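Text of work.cif, listed as mmCIF, C-alpha atoms:
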```cif
data_target
#
loop_
_atom_site.label_atom_id
_atom_site.label_comp_id
_atom_site.auth_asym_id
_atom_site.auth_seq_id
_atom_site.Cartn_x
_atom_site.Cartn_y
_atom_site.Cartn_z
CA MET A 156 257.92 -118.12 54.55
CA ILE A 157 259.04 -119.95 57.68
CA HIS A 158 262.71 -119.31 56.82
CA TYR A 159 262.13 -115.55 57.14
CA TRP A 160 260.90 -116.02 60.71
CA LEU A 161 263.78 -118.33 61.57
CA VAL A 162 266.30 -115.76 60.32
CA LEU A 163 264.51 -112.98 62.19
CA LEU A 164 264.36 -115.03 65.41
CA ALA A 165 268.05 -115.94 65.13
CA ILE A 166 268.97 -112.25 64.79
CA ALA A 167 266.67 -111.28 67.67
CA VAL A 168 268.05 -113.95 70.03
CA ALA A 169 271.65 -113.02 69.19
CA ILE A 170 270.99 -109.33 69.88
CA ALA A 171 269.17 -110.13 73.12
CA TYR A 172 272.24 -112.14 74.20
CA VAL A 173 274.53 -109.18 73.42
CA ALA A 174 272.19 -106.88 75.35
CA ASP A 175 272.35 -109.19 78.37
CA LYS A 176 276.16 -109.27 78.30
CA THR A 177 276.43 -105.48 77.91
CA LYS A 178 273.76 -104.79 80.55
CA GLN A 179 271.57 -102.89 78.09
CA PRO A 180 267.76 -103.14 77.71
CA TYR A 181 267.30 -105.54 74.82
CA PRO A 182 264.32 -103.67 73.27
CA THR A 183 266.62 -100.72 72.55
CA LEU A 184 269.29 -102.81 70.80
CA LEU A 185 266.65 -104.72 68.83
CA VAL A 186 265.05 -101.51 67.53
CA ILE A 187 268.48 -100.13 66.56
CA ALA A 188 269.32 -103.37 64.76
CA GLY A 189 265.99 -103.29 62.94
CA LEU A 190 266.56 -99.68 61.88
CA LEU A 191 270.03 -100.52 60.54
CA ILE A 192 268.78 -103.56 58.63
CA GLY A 193 265.87 -101.51 57.28
CA ILE A 194 268.06 -98.61 56.15
CA LEU A 195 271.18 -100.38 54.86
CA PRO A 196 271.01 -101.89 51.35
CA ILE A 197 271.76 -105.50 52.27
CA PRO A 198 270.91 -107.68 49.22
CA ALA A 199 270.46 -110.85 51.27
CA MET A 200 267.86 -109.12 53.49
CA HIS A 201 265.82 -107.43 50.77
CA LYS A 202 263.06 -110.05 50.50
CA LEU A 203 262.91 -110.49 54.27
CA LYS A 204 262.45 -106.73 54.77
CA ASP A 205 259.69 -106.55 52.16
CA TYR A 206 257.86 -109.46 53.74
CA ILE A 207 258.21 -108.55 57.43
CA SER A 208 257.47 -104.83 57.01
CA SER A 209 254.34 -105.36 54.90
CA ASP A 210 251.21 -103.94 56.53
CA HIS A 211 249.38 -107.26 56.77
CA VAL A 212 252.27 -109.25 58.25
CA PHE A 213 253.18 -106.59 60.84
CA GLN A 214 249.60 -106.10 62.00
CA THR A 215 248.83 -109.83 62.09
CA THR A 216 252.00 -110.62 64.03
CA VAL A 217 251.51 -107.92 66.64
CA ILE A 218 247.74 -108.00 67.17
CA LEU A 219 246.63 -111.53 66.32
CA ILE A 220 249.67 -113.65 67.23
CA PHE A 221 251.55 -112.02 70.10
CA LEU A 222 249.35 -109.36 71.73
CA SER A 223 247.13 -111.77 73.67
CA ALA A 224 250.14 -113.76 74.86
CA LEU A 225 252.15 -110.73 75.97
CA ILE A 226 249.27 -109.06 77.80
CA GLY A 227 248.16 -112.36 79.30
CA ASP A 228 251.69 -113.06 80.57
CA ALA A 229 251.88 -109.64 82.24
CA ALA A 230 248.37 -109.86 83.71
CA ILE A 231 248.71 -113.36 85.14
CA LYS A 232 251.88 -112.31 87.01
CA LEU A 233 250.36 -109.20 88.56
CA HIS A 234 249.71 -109.75 92.25
CA PHE A 235 246.11 -108.79 92.98
CA HIS A 236 246.80 -107.48 96.47
CA GLU A 237 249.50 -105.17 95.07
CA VAL A 238 247.14 -103.95 92.34
CA LYS A 239 244.42 -103.44 94.95
CA GLU A 240 246.76 -101.37 97.13
CA SER A 241 247.68 -99.19 94.12
CA LYS A 242 244.25 -99.13 92.50
CA ARG A 243 243.77 -95.37 92.94
CA PRO A 244 246.85 -94.20 90.96
CA ILE A 245 246.35 -96.98 88.40
CA LEU A 246 242.75 -95.95 87.77
CA LEU A 247 243.64 -92.24 87.72
CA LEU A 248 246.42 -92.78 85.18
CA SER A 249 244.67 -95.33 82.97
CA LEU A 250 241.32 -93.52 82.80
CA LEU A 251 241.72 -89.82 83.57
CA GLY A 252 245.35 -89.64 82.45
CA THR A 253 244.66 -91.45 79.17
CA LEU A 254 241.68 -89.22 78.42
CA ILE A 255 243.66 -86.04 79.18
CA THR A 256 246.54 -87.20 76.96
CA PHE A 257 244.11 -88.05 74.16
CA LEU A 258 242.40 -84.66 74.29
CA LEU A 259 245.59 -82.61 74.71
CA VAL A 260 247.40 -84.31 71.82
CA ALA A 261 244.34 -83.93 69.59
CA VAL A 262 243.82 -80.25 70.45
CA MET A 263 247.49 -79.30 70.12
CA CYS A 264 247.90 -81.20 66.84
CA SER A 265 244.91 -79.35 65.45
CA LEU A 266 246.09 -75.94 66.68
CA PHE A 267 249.85 -76.15 66.10
CA LEU A 268 250.23 -78.71 63.31
CA GLY A 269 247.08 -77.90 61.37
CA LEU A 270 245.74 -81.46 61.31
CA SER A 271 242.06 -82.02 60.64
CA LEU A 272 239.76 -82.97 63.52
CA GLN A 273 239.63 -86.65 62.61
CA LYS A 274 243.40 -87.00 62.06
CA SER A 275 244.06 -85.18 65.34
CA LEU A 276 241.70 -87.49 67.25
CA VAL A 277 243.18 -90.62 65.68
CA PHE A 278 246.74 -89.56 66.49
CA GLY A 279 245.69 -88.53 70.00
CA ALA A 280 244.24 -92.00 70.62
CA LEU A 281 247.39 -93.69 69.30
CA MET A 282 249.62 -91.60 71.55
CA ALA A 283 247.40 -91.99 74.63
CA ALA A 284 248.52 -95.60 75.02
CA THR A 285 251.66 -96.59 76.90
CA ASP A 286 252.46 -99.88 75.22
CA PRO A 287 252.68 -102.73 77.76
CA VAL A 288 255.22 -104.61 75.64
CA SER A 289 257.64 -101.67 75.73
CA VAL A 290 256.98 -100.56 79.30
CA LEU A 291 257.17 -103.96 80.99
CA SER A 292 260.34 -105.14 79.26
CA ILE A 293 262.30 -101.99 80.16
CA PHE A 294 260.91 -101.45 83.68
CA LYS A 295 261.63 -105.05 84.64
CA SER A 296 265.30 -104.55 83.80
CA LEU A 297 265.50 -101.55 86.16
CA GLY A 298 264.49 -103.43 89.29
CA LEU A 299 262.41 -100.55 90.63
CA ASN A 300 260.40 -100.21 93.81
CA SER A 301 257.70 -102.90 93.63
CA LYS A 302 254.80 -100.49 94.17
CA LEU A 303 256.05 -98.11 91.48
CA SER A 304 256.50 -101.02 89.09
CA THR A 305 252.98 -102.24 89.85
CA ILE A 306 251.54 -98.78 89.12
CA VAL A 307 253.41 -98.49 85.83
CA GLU A 308 252.55 -102.05 84.78
CA GLY A 309 248.92 -101.68 85.81
CA GLU A 310 248.58 -98.40 83.92
CA SER A 311 250.22 -99.78 80.77
CA LEU A 312 247.88 -102.77 80.71
CA ALA A 313 244.70 -100.80 81.48
CA ASN A 314 245.29 -97.68 79.39
CA ASP A 315 246.25 -99.77 76.38
CA GLY A 316 242.73 -101.14 76.18
CA VAL A 317 241.21 -97.71 76.84
CA ALA A 318 243.29 -96.14 74.06
CA VAL A 319 242.24 -98.85 71.59
CA VAL A 320 238.59 -98.04 72.34
CA LEU A 321 239.28 -94.31 71.82
CA PHE A 322 241.05 -95.12 68.54
CA LYS A 323 238.04 -97.01 67.19
CA ILE A 324 235.73 -94.14 68.14
CA ALA A 325 238.09 -91.54 66.62
CA LEU A 326 238.16 -93.36 63.27
CA VAL A 327 234.46 -92.66 62.71
CA THR A 328 234.37 -89.17 64.24
CA THR A 329 234.33 -86.39 61.63
CA MET A 330 232.68 -83.65 63.68
CA LEU A 331 232.12 -82.77 67.33
CA SER A 332 228.67 -82.03 68.71
CA MET A 333 226.79 -82.71 71.92
CA SER A 334 225.08 -85.73 70.37
CA SER A 335 228.36 -87.16 69.04
CA LEU A 336 230.00 -86.69 72.44
CA MET A 337 227.12 -88.49 74.14
CA ASP A 338 227.22 -91.29 71.58
CA GLY A 339 230.98 -91.60 72.02
CA THR A 340 230.69 -91.70 75.81
CA LEU A 341 228.01 -94.39 75.70
CA GLU A 342 230.01 -96.43 73.19
CA PHE A 343 233.10 -96.12 75.37
CA ALA A 344 231.23 -97.28 78.48
CA LYS A 345 229.63 -100.18 76.58
CA VAL A 346 232.94 -101.41 75.18
CA VAL A 347 234.85 -101.16 78.47
CA LEU A 348 232.16 -102.79 80.62
CA GLY A 349 231.40 -105.48 78.04
CA SER A 350 235.08 -106.33 77.65
CA MET A 351 235.54 -106.52 81.42
CA LEU A 352 232.57 -108.89 81.69
CA ILE A 353 233.93 -111.26 79.03
CA GLY A 354 237.35 -111.32 80.69
CA ILE A 355 235.95 -111.92 84.17
CA VAL A 356 233.61 -114.71 83.03
CA GLY A 357 236.39 -116.38 81.02
CA GLY A 358 238.89 -116.09 83.87
CA PHE A 359 236.39 -117.45 86.40
CA LEU A 360 235.47 -120.46 84.26
CA ALA A 361 239.12 -121.27 83.53
CA SER A 362 239.93 -120.97 87.25
CA ARG A 363 237.14 -123.40 88.19
CA ILE A 364 238.35 -125.89 85.56
CA THR A 365 241.94 -125.74 86.81
CA SER A 366 240.72 -126.49 90.34
CA ARG A 367 239.57 -129.91 89.07
CA ILE A 368 242.76 -130.71 87.14
CA ASP A 369 246.24 -131.57 88.35
CA ASN A 370 248.16 -131.67 85.09
CA TYR A 371 250.38 -128.70 84.29
CA LEU A 372 250.38 -129.42 80.54
CA VAL A 373 246.59 -129.29 80.38
CA GLU A 374 246.45 -126.20 82.60
CA ILE A 375 249.01 -124.33 80.48
CA GLY A 376 247.03 -125.31 77.39
CA LEU A 377 243.90 -123.96 79.06
CA SER A 378 245.61 -120.61 79.75
CA ILE A 379 246.41 -120.34 76.02
CA VAL A 380 242.79 -121.01 75.14
CA LEU A 381 241.69 -118.46 77.74
CA PHE A 382 243.86 -115.56 76.56
CA TYR A 383 243.24 -116.02 72.85
CA GLY A 384 239.63 -117.08 73.38
CA VAL A 385 238.47 -114.02 75.35
CA PHE A 386 240.33 -111.77 72.90
CA GLU A 387 238.50 -113.30 69.92
CA VAL A 388 235.11 -113.30 71.64
CA ALA A 389 235.47 -109.63 72.60
CA GLU A 390 236.56 -108.62 69.10
CA MET A 391 233.71 -110.64 67.60
CA PHE A 392 231.26 -108.43 69.51
CA HIS A 393 233.24 -105.28 68.53
CA LEU A 394 234.56 -104.87 72.06
CA SER A 395 238.16 -104.61 73.32
CA GLY A 396 240.10 -107.86 73.29
CA VAL A 397 242.93 -106.19 75.20
CA ILE A 398 240.73 -105.31 78.19
CA SER A 399 239.22 -108.81 78.20
CA VAL A 400 242.66 -110.48 78.30
CA VAL A 401 243.80 -108.19 81.13
CA PHE A 402 240.87 -109.14 83.39
CA ALA A 403 241.00 -112.81 82.42
CA GLY A 404 244.73 -112.93 83.20
CA ILE A 405 244.41 -111.16 86.55
CA LEU A 406 241.57 -113.46 87.62
CA LEU A 407 243.43 -116.64 86.59
CA GLY A 408 246.61 -115.35 88.22
CA THR A 409 244.91 -114.69 91.56
CA TYR A 410 241.70 -116.69 92.02
CA GLY A 411 242.79 -119.54 89.74
CA LYS A 412 246.21 -119.92 91.34
CA ASN A 413 244.74 -119.86 94.84
CA ILE A 414 242.04 -122.48 94.37
CA GLY A 415 243.59 -125.04 92.10
CA MET A 416 247.20 -124.77 90.90
CA SER A 417 249.96 -126.87 92.38
CA ASP A 418 253.47 -125.51 92.91
CA THR A 419 254.63 -127.47 89.87
CA THR A 420 251.92 -125.96 87.69
CA LEU A 421 252.73 -122.44 88.92
CA GLU A 422 256.42 -122.88 88.15
CA LYS A 423 255.85 -124.46 84.74
CA MET A 424 253.19 -121.94 83.70
CA ASP A 425 255.35 -118.94 84.65
CA SER A 426 258.30 -120.42 82.76
CA PHE A 427 256.18 -121.16 79.67
CA TRP A 428 254.74 -117.65 79.42
CA GLU A 429 258.13 -116.11 80.18
CA VAL A 430 259.61 -117.87 77.14
CA ILE A 431 256.67 -116.92 74.91
CA ALA A 432 256.89 -113.29 76.08
CA PHE A 433 260.63 -113.19 75.39
CA ILE A 434 260.22 -114.53 71.84
CA GLY A 435 257.30 -112.19 71.16
CA ASN A 436 259.11 -109.14 72.54
CA ALA A 437 262.31 -109.93 70.65
CA LEU A 438 260.56 -110.35 67.30
CA ILE A 439 258.28 -107.33 67.73
CA PHE A 440 261.01 -104.85 68.69
CA LEU A 441 263.13 -105.98 65.75
CA MET A 442 260.10 -105.63 63.46
CA VAL A 443 259.47 -102.08 64.73
CA GLY A 444 262.92 -101.07 63.48
CA LEU A 445 262.42 -102.87 60.16
CA GLU A 446 259.20 -100.94 59.58
CA ILE A 447 261.31 -97.89 58.64
CA SER A 448 261.77 -99.37 55.17
CA ASN A 449 257.99 -99.11 54.63
CA ILE A 450 257.49 -95.47 55.67
CA ASP A 451 257.85 -92.29 53.60
CA PHE A 452 259.38 -89.45 55.67
CA THR A 453 259.68 -86.98 52.77
CA ASP A 454 258.74 -83.40 53.78
CA LYS A 455 257.37 -84.61 57.11
CA TRP A 456 260.24 -83.83 59.50
CA GLN A 457 258.78 -80.59 60.84
CA MET A 458 255.47 -82.28 61.61
CA ILE A 459 257.30 -85.22 63.21
CA ALA A 460 259.39 -82.98 65.49
CA GLY A 461 256.30 -81.01 66.49
CA SER A 462 254.36 -84.17 67.25
CA ILE A 463 257.11 -85.51 69.54
CA LEU A 464 257.12 -82.28 71.58
CA ILE A 465 253.32 -82.31 71.76
CA VAL A 466 253.18 -85.94 72.92
CA LEU A 467 255.81 -85.35 75.62
CA ALA A 468 254.07 -82.22 76.89
CA ALA A 469 250.67 -83.94 76.94
CA ARG A 470 252.05 -86.95 78.81
CA PHE A 471 253.65 -84.86 81.56
CA ILE A 472 250.56 -82.67 81.97
CA ALA A 473 248.29 -85.73 82.09
CA VAL A 474 250.41 -87.55 84.68
CA TYR A 475 250.76 -84.56 87.01
CA ALA A 476 247.10 -83.56 86.61
CA SER A 477 245.67 -87.03 87.25
CA LEU A 478 248.05 -87.86 90.13
CA SER A 479 247.31 -84.53 91.82
CA LEU A 480 244.19 -86.33 93.07
CA ASP A 481 246.35 -88.87 94.90
CA ARG A 482 248.28 -87.11 97.67
CA SER A 483 250.01 -90.34 98.75
CA MET A 484 252.04 -90.45 95.53
CA PRO A 485 255.75 -89.61 96.16
CA ARG A 486 256.82 -86.53 94.23
CA ALA A 487 259.89 -88.26 92.75
CA TRP A 488 257.74 -90.97 91.15
CA LYS A 489 255.76 -88.62 88.92
CA PRO A 490 258.54 -87.68 86.44
CA ILE A 491 259.54 -91.35 86.20
CA ILE A 492 255.97 -92.36 85.38
CA ALA A 493 255.68 -89.52 82.86
CA TRP A 494 259.04 -90.17 81.16
CA GLY A 495 258.37 -93.91 81.27
CA GLY A 496 255.22 -93.57 79.17
CA LEU A 497 256.75 -95.47 76.26
CA LYS A 498 255.00 -96.06 72.97
CA GLY A 499 255.23 -99.33 71.08
CA SER A 500 254.27 -101.65 68.30
CA LEU A 501 250.53 -101.66 69.01
CA SER A 502 250.17 -98.00 67.91
CA ILE A 503 251.85 -98.81 64.59
CA ALA A 504 249.84 -102.00 64.13
CA LEU A 505 246.52 -100.24 64.77
CA LEU A 506 247.31 -97.59 62.16
CA LEU A 507 248.46 -100.19 59.63
CA GLY A 508 245.02 -101.75 59.94
CA VAL A 509 243.42 -98.56 58.64
CA SER A 510 242.59 -98.48 54.93
CA PRO A 511 245.29 -96.84 52.71
CA ALA A 512 242.46 -94.66 51.40
CA PHE A 513 242.22 -92.93 54.80
CA GLU A 514 243.29 -89.31 54.24
CA GLY A 515 246.59 -88.49 55.92
CA ARG A 516 247.42 -92.11 56.74
CA ASP A 517 251.03 -91.80 55.50
CA LEU A 518 251.64 -88.67 57.61
CA LEU A 519 250.12 -90.25 60.72
CA LEU A 520 252.19 -93.40 60.14
CA ALA A 521 255.43 -91.38 59.93
CA MET A 522 254.51 -89.42 63.07
CA THR A 523 253.48 -92.54 65.00
CA PHE A 524 256.58 -94.52 64.01
CA SER A 525 258.87 -91.61 64.93
CA ASN A 526 257.24 -91.19 68.35
CA VAL A 527 257.58 -94.93 69.02
CA VAL A 528 261.26 -94.97 68.06
CA PHE A 529 261.93 -91.78 70.06
CA SER A 530 260.32 -93.21 73.18
CA LEU A 531 262.29 -96.46 72.93
CA LEU A 532 265.68 -95.03 71.97
CA VAL A 533 265.63 -91.79 73.98
CA GLN A 534 263.20 -92.26 76.88
CA GLY A 535 263.93 -95.96 77.30
CA THR A 536 267.71 -95.51 77.43
CA THR A 537 267.66 -92.51 79.79
CA LEU A 538 265.04 -93.80 82.21
CA SER A 539 267.62 -95.51 84.43
CA ARG A 540 269.60 -92.25 84.69
CA LEU A 541 266.44 -90.41 85.74
CA VAL A 542 265.79 -93.05 88.40
CA THR A 543 269.35 -92.62 89.69
CA LEU A 544 269.09 -88.82 89.60
CA LEU A 545 265.87 -88.84 91.61
CA LYS A 546 267.31 -91.46 94.00
CA VAL A 547 264.37 -93.82 93.58
CA LYS A 548 265.24 -97.37 94.72
#
```

Serialized structure, C-alpha cells:
Amino acid sequence: MIHYWLVLLAIAVAIAYVADKTKQPYPTLLVIAGLLIGILPIPAMHKLKDYISSDHVFQTTVILIFLSALIGDAAIKLHFHEVKESKRPILLLSLLGTLITFLLVAVMCSLFLGLSLQKSLVFGALMAATDPVSVLSIFKSLGLNSKLSTIVEGESLANDGVAVVLFKIALVTTMLSMSSLMDGTLEFAKVVLGSMLIGIVGGFLASRITSRIDNYLVEIGLSIVLFYGVFEVAEMFHLSGVISVVFAGILLGTYGKNIGMSDTTLEKMDSFWEVIAFIGNALIFLMVGLEISNIDFTDKWQMIAGSILIVLAARFIAVYASLSLDRSMPRAWKPIIAWGGLKGSLSIALLLGVSPAFEGRDLLLAMTFSNVVFSLLVQGTTLSRLVTLLKVK
C-alpha cells in the first residue's frame, strides 16, 4: 500500500507548492483538492480513494501516526514565558470556553434539531475542540500579533485535550442526573490531572537526559520517543494522550532547552519537527477532503445547515462569555479568536473510531465533516480579511 501514500504525498506537496506561489493557506487548497478527487469519477484514483477514506486508515493516520508529532511540534515551540503571560485567557478559553461551547451545542442540537441527549452531547464534544492542526497552520501564515497567536495556539492545544475527554464521557452518557454529573466531573478531573502528570514526568525525565547528551541525532530521537511514549502511556491508562503530549512538549521546549541543548541541537530539532509537521499537515488536509467519498449526505442537508449555525453561535457566545472575565483582552481580538475557532481532522477521526452500530453515527459524521469543511474553506479563507478589517497587526 506504500504506493498509495507516495501518490498522496506527491499530490499534497505539489498543491502546497502552488499555495506558496499563490500566497494562499495550503490547508484550504489541500481540502479543495481532496474534495474534487473524492467527488470526481477518476478511474485511476478509485482504489486510492477507497483505501485512504476507509475508517480504519483515516483514524490510524490522524490519531496514531501524526497527532503526537503535530501536537508535540507545536508544544515544543511555544515559549513558556509567553504562555505564562497569557495564561489567563488561555485557561478561560480552553476550560470555561470549551465547556460553554460543549453545553450550548448539545442543548441547541437537542432543542432545534431534535437529536437525542447522547447524540447531542457527542456532537457538542466534537465541536468544542478547535483543532490545533488547522488553527496553527493557518494562523502562522497570517503573521499576527505574537500575543494573540500565543493565545490562539495555547487554546487550540489545551482545549483539544479537554474536548477529547468530554467526547469519551459523552459516549457513555445516556441520561443526566445529579449522580451522573458528579461522576462525569470526577472522571474529567481524574483524566486531566492524570494526563498532565504523565506529560510533566515524561518531559522532565527527557530534559534531564538531554542535559547529559551532546548529540543532536540522539536528542531528536529522544523527542520522538517522548511524544509518542507519553501519548501511549496516557491512553493505556484511559487518560488523554493529547494533554500528556502538550505538557511533555512544553516542558522539553523550555526546561529541556535551557539546561541541556546546544544551538546545533535546537536548530536541527526545530527543522526536523517542522518537516514532519509539514508532511503530516499536508497529508491530513488532503485526506479530509477525500473523506467526502465515504459519507452519505442524503436527506441530511437541513440538519447540516442547522448544525453549522449552532456551532458558530455557540463559539461566539463561549468566546465572549469566557473572555469577559479578562478585562485586559483587546476588543478587536475577540471576533478573530471566535472566527478562528477552526475544526479539523481530529473530530472526524474520533467519530470514525465509534462503532458503526452507534445510533445516528452516519448523521453525526455528515454534520461533523460539513462543519470541518465549512470552517476550513469559509472561516479559514476569510480570517485574513477579518484581521485587516479590524486593523489587528

Legend entry - Neighbour list for segment 452-459 of chain A as JSON, numbers by chain, cut-off 9 Å, only C-alpha atoms, skip fewer than 5 positions in-chain: {"A": [268, 464, 517, 518, 521, 522, 523, 525, 526]}

Inset, instruction - Please indicate the distance in Å from atom CA of His236 of chain A to atom CA of Thr409 of chain A, rounded to one decimal place. - result: 8.9 Å

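Put simply, atom CA of Leu497 of chain A is 21.2 Å away from atom CA of Ser479 of chain A.
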
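Among the candidates A:Ala487, A:Val443, A:Leu531, A:Ile368, the one nearest to Leu191 of chain A when counting all atoms listed in the file is A:Val443.
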
Inset, instruction - For atom CA of Phe402 of chain A and atom CA of Gly354 of chain A, quote the distance in Å rounded to one decimal. - result: 4.9 Å

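Evaluating the PyMOL selection byres ((chain A and resi 171-185) around 7) against the shown model yields Ala167, Val168, Ala169, Ile170, Val186, Ile187, Ala188, Gly189, Ile293, Ser296, Phe440, Leu441, Leu531 and Leu532 of chain A.
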
Inset, instruction - With a distance cut-off of 10 Å and only C-alpha atoms, select the neighbouring residues of Phe322 of chain A, excluding the residue or stretch itself and same-chain residues fewer than 5 positions from it, and output the selection as a list of chain:residue names. - result: A:Phe257, A:Leu276, A:Val277, A:Phe278, A:Gly279, A:Ala280, A:Leu281, A:Met282, A:Ala283, A:Ala284, A:Gly316, A:Val317, A:Val327, A:Thr328, A:Ser502, A:Leu505, A:Leu506

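In this comparison, which uses all atoms listed in the file, the residue of A:Ile379, A:Ile463, A:Leu163, A:Ile353 approaching Phe392 of chain A most closely is A:Ile353.
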
Inset, instruction - Considering all atoms listed in the file, state which residue in the set A:Ile375, A:Val400, A:Met351, A:Met337 is at the smallest distance from Ser426 of chain A. - result: A:Ile375

Legend entry - Residue IDs satisfying the PyMOL selection byres ((chain A and resi 263) around 10), as a count of residues only: 20

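Of the residues under consideration (A:His234, A:Lys423, A:Lys274, A:Arg470), A:His234 shows the shortest atom-to-atom contact distance to Ser304 of chain A when counting all atoms listed in the file.
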
Inset, instruction - Quick one: everything within 8 Å of Ala493 of chain A, counting only C-alpha atoms, minus sequence neighbours fewer than 2 positions away in the same chain. Send it as a list in words. - result: Arg470, Phe471, Val474, Lys489, Pro490, Ile491, Gly495 and Gly496 of chain A

Inset, instruction - Name the residues captured by the PyMOL selection byres ((chain A and resi 219) around 12) when it is applied to the shown file; answer as a PyMOL selection string. - result: chain A and resi 211-218+220-225+382-384+386-387+390+396-397+435+501+504-505+508

Completion of segment 382-402 of chain A up to N, CA and C atoms, as a short mmCIF file (atom, residue, chain, number, x, y, z; two decimals), in the coordinates of the input:
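selection-v1.cif, written as the output of this step:
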```cif
data_model
loop_
_atom_site.label_atom_id
_atom_site.label_comp_id
_atom_site.auth_asym_id
_atom_site.auth_seq_id
_atom_site.Cartn_x
_atom_site.Cartn_y
_atom_site.Cartn_z
N PHE A 382 243.39 -116.86 77.02
CA PHE A 382 243.86 -115.56 76.56
C PHE A 382 243.42 -115.27 75.12
N TYR A 383 243.62 -116.24 74.25
CA TYR A 383 243.24 -116.02 72.85
C TYR A 383 241.73 -116.10 72.67
N GLY A 384 241.08 -116.92 73.50
CA GLY A 384 239.63 -117.08 73.38
C GLY A 384 238.87 -115.83 73.76
N VAL A 385 239.20 -115.23 74.93
CA VAL A 385 238.47 -114.02 75.35
C VAL A 385 238.77 -112.86 74.41
N PHE A 386 239.99 -112.83 73.86
CA PHE A 386 240.33 -111.77 72.90
C PHE A 386 239.44 -111.88 71.67
N GLU A 387 239.31 -113.10 71.13
CA GLU A 387 238.50 -113.30 69.92
C GLU A 387 237.02 -113.05 70.18
N VAL A 388 236.53 -113.50 71.32
CA VAL A 388 235.11 -113.30 71.64
C VAL A 388 234.80 -111.80 71.75
N ALA A 389 235.68 -111.07 72.44
CA ALA A 389 235.47 -109.63 72.60
C ALA A 389 235.49 -108.92 71.25
N GLU A 390 236.46 -109.25 70.42
CA GLU A 390 236.56 -108.62 69.10
C GLU A 390 235.37 -108.99 68.22
N MET A 391 234.86 -110.19 68.38
CA MET A 391 233.71 -110.64 67.60
C MET A 391 232.48 -109.77 67.88
N PHE A 392 232.37 -109.30 69.12
CA PHE A 392 231.26 -108.43 69.51
C PHE A 392 231.64 -106.95 69.43
N HIS A 393 232.75 -106.65 68.72
CA HIS A 393 233.24 -105.28 68.53
C HIS A 393 233.55 -104.59 69.86
N LEU A 394 234.12 -105.39 70.78
CA LEU A 394 234.56 -104.87 72.06
C LEU A 394 236.09 -104.83 72.06
N SER A 395 236.70 -104.69 73.23
CA SER A 395 238.16 -104.61 73.32
C SER A 395 238.75 -105.92 73.80
N GLY A 396 239.44 -106.62 72.92
CA GLY A 396 240.10 -107.86 73.29
C GLY A 396 241.19 -107.64 74.32
N VAL A 397 241.85 -106.49 74.26
CA VAL A 397 242.93 -106.19 75.20
C VAL A 397 242.40 -106.15 76.63
N ILE A 398 241.31 -105.41 76.85
CA ILE A 398 240.73 -105.31 78.19
C ILE A 398 240.27 -106.68 78.69
N SER A 399 239.69 -107.47 77.81
CA SER A 399 239.22 -108.81 78.20
C SER A 399 240.38 -109.69 78.65
N VAL A 400 241.49 -109.66 77.93
CA VAL A 400 242.66 -110.48 78.30
C VAL A 400 243.24 -110.02 79.64
N VAL A 401 243.27 -108.71 79.87
CA VAL A 401 243.80 -108.19 81.13
C VAL A 401 243.01 -108.75 82.31
N PHE A 402 241.69 -108.68 82.26
CA PHE A 402 240.87 -109.14 83.39
C PHE A 402 240.89 -110.66 83.50
#
```
